Each structure stands twice: as C-alpha cells, then as structure tokens.
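Printed here is run_6.cif (mmCIF, C-alpha atoms):
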```cif
data_final
loop_
_atom_site.label_atom_id
_atom_site.label_comp_id
_atom_site.auth_asym_id
_atom_site.auth_seq_id
_atom_site.Cartn_x
_atom_site.Cartn_y
_atom_site.Cartn_z
CA MET N 24 34.97 99.04 89.71
CA SER N 25 36.64 97.14 92.50
CA GLN N 26 36.46 98.75 95.92
CA ARG N 27 40.14 99.66 95.80
CA VAL N 28 39.88 101.32 92.37
CA ARG N 29 36.66 103.08 93.38
CA LYS N 30 38.28 104.56 96.49
CA PHE N 31 41.27 105.70 94.47
CA ALA N 32 39.04 107.27 91.81
CA LEU N 33 36.94 108.97 94.49
CA THR N 34 40.07 110.33 96.18
CA VAL N 35 41.35 111.74 92.89
CA HIS N 36 37.93 113.23 92.09
CA ILE N 37 37.68 114.90 95.52
CA MET N 38 41.24 116.21 95.18
CA PHE N 39 40.51 117.86 91.83
CA SER N 40 37.12 119.17 92.98
CA VAL N 41 38.44 120.71 96.19
CA GLY N 42 41.37 122.14 94.24
CA TRP N 43 38.95 123.76 91.78
CA ILE N 44 36.97 125.33 94.63
CA GLY N 45 40.15 126.59 96.29
CA ALA N 46 41.54 128.02 93.08
CA ALA N 47 38.20 129.71 92.35
CA ALA N 48 38.29 131.25 95.84
CA ALA N 49 41.84 132.54 95.23
CA TYR N 50 40.73 133.97 91.90
CA LEU N 51 37.77 135.64 93.62
CA VAL N 52 40.15 137.38 96.04
CA LEU N 53 42.09 138.80 93.09
CA ASP N 54 38.83 139.86 91.44
CA VAL N 55 37.75 141.70 94.60
CA THR N 56 41.18 143.36 94.63
CA VAL N 57 40.63 144.55 91.05
CA VAL N 58 37.28 146.07 92.01
CA THR N 59 38.49 147.76 95.20
CA SER N 60 42.06 148.86 94.45
CA GLN N 61 43.10 152.14 92.87
CA ASP N 62 46.83 151.34 92.76
CA ALA N 63 48.01 150.74 89.18
CA GLN N 64 50.73 148.24 90.16
CA THR N 65 48.27 146.22 92.24
CA LEU N 66 45.74 146.19 89.39
CA ARG N 67 48.37 145.18 86.85
CA ALA N 68 49.61 142.35 89.10
CA ALA N 69 46.09 141.16 89.90
CA TYR N 70 45.04 140.95 86.23
CA LEU N 71 48.20 139.04 85.35
CA ALA N 72 47.82 136.67 88.30
CA MET N 73 44.15 136.09 87.43
CA GLU N 74 45.11 134.92 83.96
CA LEU N 75 47.83 132.61 85.28
CA ILE N 76 45.56 131.07 87.92
CA ALA N 77 42.73 130.68 85.43
CA TRP N 78 44.75 129.05 82.63
CA TYR N 79 47.16 126.94 84.65
CA VAL N 80 45.13 125.99 87.71
CA ILE N 81 41.37 126.53 87.30
CA VAL N 82 40.90 125.26 83.73
CA PRO N 83 42.92 122.04 84.26
CA LEU N 84 41.19 121.35 87.59
CA ALA N 85 37.76 122.01 86.07
CA LEU N 86 38.41 119.60 83.19
CA ALA N 87 39.91 116.99 85.54
CA THR N 88 36.91 117.31 87.87
CA LEU N 89 34.51 116.79 84.98
CA LEU N 90 36.45 113.79 83.71
CA THR N 91 36.85 112.11 87.11
CA GLY N 92 33.19 112.81 87.90
CA LEU N 93 32.19 110.97 84.74
CA VAL N 94 34.46 108.07 85.68
CA MET N 95 32.93 107.95 89.17
CA SER N 96 29.35 108.02 87.92
CA LEU N 97 29.88 105.46 85.19
CA GLY N 98 31.98 103.17 87.35
CA THR N 99 29.70 103.01 90.38
CA SER N 100 26.12 102.00 91.10
CA TRP N 101 25.09 105.67 91.18
CA GLY N 102 25.22 105.79 87.39
CA LEU N 103 25.17 108.90 85.26
CA PHE N 104 21.44 109.16 84.56
CA ARG N 105 19.90 107.13 87.41
CA HIS N 106 19.69 109.75 90.16
CA TYR N 107 18.63 113.37 89.85
CA TRP N 108 21.46 114.60 92.09
CA VAL N 109 24.09 113.02 89.80
CA LEU N 110 22.46 114.42 86.70
CA ILE N 111 22.11 117.91 88.20
CA SER N 112 25.73 117.78 89.39
CA LEU N 113 26.84 116.82 85.89
CA LEU N 114 24.80 119.58 84.25
CA LEU N 115 26.04 122.23 86.70
CA THR N 116 29.65 121.10 86.22
CA VAL N 117 29.35 121.14 82.43
CA PHE N 118 27.72 124.58 82.63
CA ALA N 119 30.54 125.86 84.89
CA VAL N 120 33.23 124.50 82.56
CA ILE N 121 31.60 126.04 79.47
CA VAL N 122 31.17 129.44 81.13
CA LEU N 123 34.77 129.26 82.35
CA LEU N 124 36.13 128.47 78.89
CA VAL N 125 34.12 131.29 77.31
CA GLU N 126 35.19 133.71 80.07
CA MET N 127 38.84 132.86 79.44
CA GLN N 128 38.78 135.16 76.39
CA THR N 129 37.86 138.10 78.62
CA ILE N 130 40.42 137.16 81.26
CA SER N 131 43.18 136.90 78.66
CA HIS N 132 42.18 140.21 77.10
CA LEU N 133 42.26 141.98 80.48
CA ALA N 134 45.70 140.50 81.23
CA THR N 135 47.01 141.53 77.81
CA VAL N 136 45.88 145.12 78.35
CA ALA N 137 47.30 145.13 81.89
CA SER N 138 50.66 143.75 80.73
CA ASP N 139 51.10 146.55 78.20
CA ALA N 140 53.49 149.05 79.77
CA THR N 141 51.81 151.87 77.85
CA THR N 142 48.45 151.27 79.57
CA SER N 143 47.87 154.23 81.87
CA SER N 144 46.74 154.04 85.48
CA ALA N 145 43.40 155.52 84.47
CA ASP N 146 42.97 152.89 81.75
CA LEU N 147 43.79 150.12 84.25
CA ARG N 148 41.18 151.44 86.67
CA ALA N 149 38.65 151.60 83.81
CA LEU N 150 39.07 147.92 82.89
CA SER N 151 36.15 145.69 83.67
CA SER N 152 36.18 142.91 86.21
CA THR N 153 35.05 139.31 86.09
CA LEU N 154 33.69 139.48 89.65
CA LEU N 155 30.16 138.42 88.71
CA HIS N 156 31.47 135.33 86.93
CA SER N 157 33.95 134.39 89.62
CA ALA N 158 31.44 134.80 92.46
CA GLY N 159 28.73 133.00 90.48
CA GLY N 160 31.12 130.21 89.56
CA LEU N 161 32.07 129.69 93.18
CA VAL N 162 28.38 129.52 94.15
CA VAL N 163 27.75 126.90 91.45
CA LEU N 164 30.72 124.84 92.66
CA LEU N 165 29.45 124.99 96.23
CA MET N 166 25.99 123.90 95.06
CA VAL N 167 27.54 120.87 93.37
CA LEU N 168 29.49 120.14 96.54
CA VAL N 169 26.31 120.20 98.65
CA LEU N 170 24.49 117.96 96.17
CA ASN N 171 27.33 115.45 96.23
CA VAL N 172 27.52 115.38 100.02
CA TYR N 173 23.79 115.18 100.78
CA LYS N 174 22.76 113.09 97.74
CA PRO N 175 19.04 113.90 97.85
CA ARG N 176 16.80 110.98 97.00
CA GLY N 177 15.05 110.73 93.70
CA LEU N 178 15.43 108.45 90.74
CA THR N 179 15.11 109.67 87.18
CA PRO N 180 12.61 107.76 84.99
CA TYR N 181 15.61 105.90 83.53
CA GLY N 182 16.88 105.07 87.02
CA TRP N 183 13.44 103.88 88.09
CA ARG N 184 13.24 101.54 85.06
CA LYS N 185 16.74 100.19 85.76
CA GLN N 186 15.82 99.59 89.40
CA GLN N 187 12.61 97.76 88.41
CA LYS N 188 14.52 95.61 85.94
CA GLN N 189 17.11 94.69 88.58
CA ARG N 190 14.32 93.73 91.03
CA GLU N 191 12.67 91.53 88.42
CA GLU N 192 15.96 89.77 87.70
CA SER N 193 16.57 89.09 91.41
#
```

Would you put the structure from the file into structure tokens?
Amino acid sequence: MSQRVRKFALTVHIMFSVGWIGAAAAYLVLDVTVVTSQDAQTLRAAYLAMELIAWYVIVPLALATLLTGLVMSLGTSWGLFRHYWVLISLLLTVFAVIVLLVEMQTISHLATVASDATTSSADLRALSSTLLHSAGGLVVLLMVLVLNVYKPRGLTPYGWRKQQKQREES
C-alpha cells in the first residue's frame, strides 16, 4: 500500500473501530437500564432501542472493523500472521463478531416480546438481559484496542521465518 492509501485505510479502520466501541457502550447503558428499571415503558423502549442499535449500528460497525482490519494487516508490513498482537487482535475480533451475531437472536426475541402490546409489565420485568454479553463484549473490544495501541513485541514462528528470509535476501 502506498503511504497515502495506508493512512486512509487506517483512518477508516479507526473510525469503524471507535464507532463499534461507542455503540457497544451505548448498548451497555440500555442493558443496565433494563436490569435496574421497573417502569414498563422504559423497559419496552430500552429493549426496542437495543435491537435497533444492535442491528443497524453495532453489527455493521463490527463487520466493517473486521474487514478493514484484514485490509490493514494484509496491506502493511505488520502482516496477518507475523506478529502475535495482530493474530490475537484478529482472533478476538472474530470471536466478538461471532458472539454478537449469535446473540442477535436473543436481542431480536426480547425486542419482539417487548413490542407486543399484550406483554404485561410483570412479563417485561421478567425478561432476561444481555448485560453479561454487552459488558463482556466491551471488555474484549477494549482489550483489542490496547493490543493495537501498545503492539507488544513477539513474532509468530511464521513471522520469524519471513524475517529471516528477508534478512537473507538483503
């Protein structure tokens, strides 16, 4: 990648990544509201907003982050499998995306129940929450952020071989 393209790709990747973290934080606030509120209208609104944020903000940002992260790793000298921090970031991101996509079934179900006008206040208060997943997801995203900022040293065996081969060719 040329320097100009690399900077553009990095900017886009950071934009999507920060957006994902922000949207996950907003979702977490709604999840805490679901756990702490007893008001039926608040619960109904929170469940519906959680589904909207998840489907239309979090899922697209998560997929865009994964895609732009792959572009960044494959288009720069960091590589995808050369450094442990890149590999761990990739694995954590893939894990977060998979858990998110699986959890979307639960989120949609909760929103469907909450949107039903016949659902009683007691039934709304009895609905489960996704607090564990949203808090855990945010922790995973912050771990990836720290890895990508600090970039701890350490080459994978593949990265070490590539480095040795480059040295021999020089």

*Quick one: apply the PyMOL selection byres ((chain N and resi 28-37) around 12) to the file and drop the selected residues here as a PyMOL selection string.*
chain N and resi 24-27+38-45+84-100+167-168+171-172

Counting all atoms listed in the file, which residues in range 82-137 of chain N sit no more than 8 Å from range 142-159 of chain N? For each one, give the nearest pair of atoms and the distance in Å, sorted by chain then residue number, as CSV.
```
residue,atom,partner,partner_atom,distance
N:Glu126,CA,N:His156,CA,8.0
N:Ile130,CA,N:Thr153,CA,7.5
N:Leu133,CA,N:Leu150,CA,7.2
N:Val136,CA,N:Thr142,CA,6.8
N:Ala137,CA,N:Leu147,CA,6.5
```

*Could you write out as a list in words the residues that the PyMOL selection byres ((chain N and resi 56) around 12) matches in the shown file?*
Ala49, Tyr50, Leu51, Val52, Leu53, Asp54, Val55, Val57, Val58, Thr59, Ser60, Gln61, Asp62, Ala63, Gln64, Thr65, Leu66, Arg67, Ala68, Ala69, Tyr70, Ala72, Met73, Arg148, Ser152, Thr153 and Leu154 of chain N

Those selected residues, please, written with C-alpha atoms and delivered as a tab-separated table (two decimals), in the frame of the given file.
```
chain	number	residue	atom	x	y	z
N	49	ALA	CA	41.84	132.54	95.23
N	50	TYR	CA	40.73	133.97	91.90
N	51	LEU	CA	37.77	135.64	93.62
N	52	VAL	CA	40.15	137.38	96.04
N	53	LEU	CA	42.09	138.80	93.09
N	54	ASP	CA	38.83	139.86	91.44
N	55	VAL	CA	37.75	141.70	94.60
N	57	VAL	CA	40.63	144.55	91.05
N	58	VAL	CA	37.28	146.07	92.01
N	59	THR	CA	38.49	147.76	95.20
N	60	SER	CA	42.06	148.86	94.45
N	61	GLN	CA	43.10	152.14	92.87
N	62	ASP	CA	46.83	151.34	92.76
N	63	ALA	CA	48.01	150.74	89.18
N	64	GLN	CA	50.73	148.24	90.16
N	65	THR	CA	48.27	146.22	92.24
N	66	LEU	CA	45.74	146.19	89.39
N	67	ARG	CA	48.37	145.18	86.85
N	68	ALA	CA	49.61	142.35	89.10
N	69	ALA	CA	46.09	141.16	89.90
N	70	TYR	CA	45.04	140.95	86.23
N	72	ALA	CA	47.82	136.67	88.30
N	73	MET	CA	44.15	136.09	87.43
N	148	ARG	CA	41.18	151.44	86.67
N	152	SER	CA	36.18	142.91	86.21
N	153	THR	CA	35.05	139.31	86.09
N	154	LEU	CA	33.69	139.48	89.65
```

*Please measure the separation of CA of Leu71 in chain N and CA of Val120 in chain N, giving the value in Å to one decimal.*
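Interatomic distance here is 21.1 Å.
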
_Polymer residues at most 12 Å from Gln186 in chain N, all atoms listed in the file, same-chain spacing of 3 or more positions, as a list in words_ =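 So, after excluding close chain neighbours, the residues are Ser100, Trp101, Gly102, Arg105, His106, Gly177, Leu178, Thr179, Pro180, Tyr181, Gly182, Trp183, Gln189, Arg190, Glu191, Glu192 and Ser193 of chain N.
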
Dump as a short mmCIF file (atom, residue, chain, number, x, y, z; two decimals), in the coordinates of the input, selection limited to C-alpha atoms:
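Produced file again09.cif, reproduced below:
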```cif
data_model
loop_
_atom_site.label_atom_id
_atom_site.label_comp_id
_atom_site.auth_asym_id
_atom_site.auth_seq_id
_atom_site.Cartn_x
_atom_site.Cartn_y
_atom_site.Cartn_z
CA SER N 100 26.12 102.00 91.10
CA TRP N 101 25.09 105.67 91.18
CA GLY N 102 25.22 105.79 87.39
CA ARG N 105 19.90 107.13 87.41
CA HIS N 106 19.69 109.75 90.16
CA GLY N 177 15.05 110.73 93.70
CA LEU N 178 15.43 108.45 90.74
CA THR N 179 15.11 109.67 87.18
CA PRO N 180 12.61 107.76 84.99
CA TYR N 181 15.61 105.90 83.53
CA GLY N 182 16.88 105.07 87.02
CA TRP N 183 13.44 103.88 88.09
CA GLN N 189 17.11 94.69 88.58
CA ARG N 190 14.32 93.73 91.03
CA GLU N 191 12.67 91.53 88.42
CA GLU N 192 15.96 89.77 87.70
CA SER N 193 16.57 89.09 91.41
#
```

_Given the PyMOL selection byres ((chain N and resi 166) around 12) and the file above, list the residues it selects as JSON, numbers by chain._
{"N": [44, 108, 111, 112, 113, 114, 115, 116, 119, 159, 160, 161, 162, 163, 164, 165, 167, 168, 169, 170, 171, 172, 173, 174]}

_Separation of CA of Tyr107 in chain N from CA of Ile121 in chain N, in Å and rounded to one decimal_ =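 Atom-to-atom, CA of Tyr107 in chain N and CA of Ile121 in chain N are spaced 20.9 Å apart.
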
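Taking CA of Val125 in chain N and CA of Ile76 in chain N as endpoints, the distance between them is 15.6 Å.
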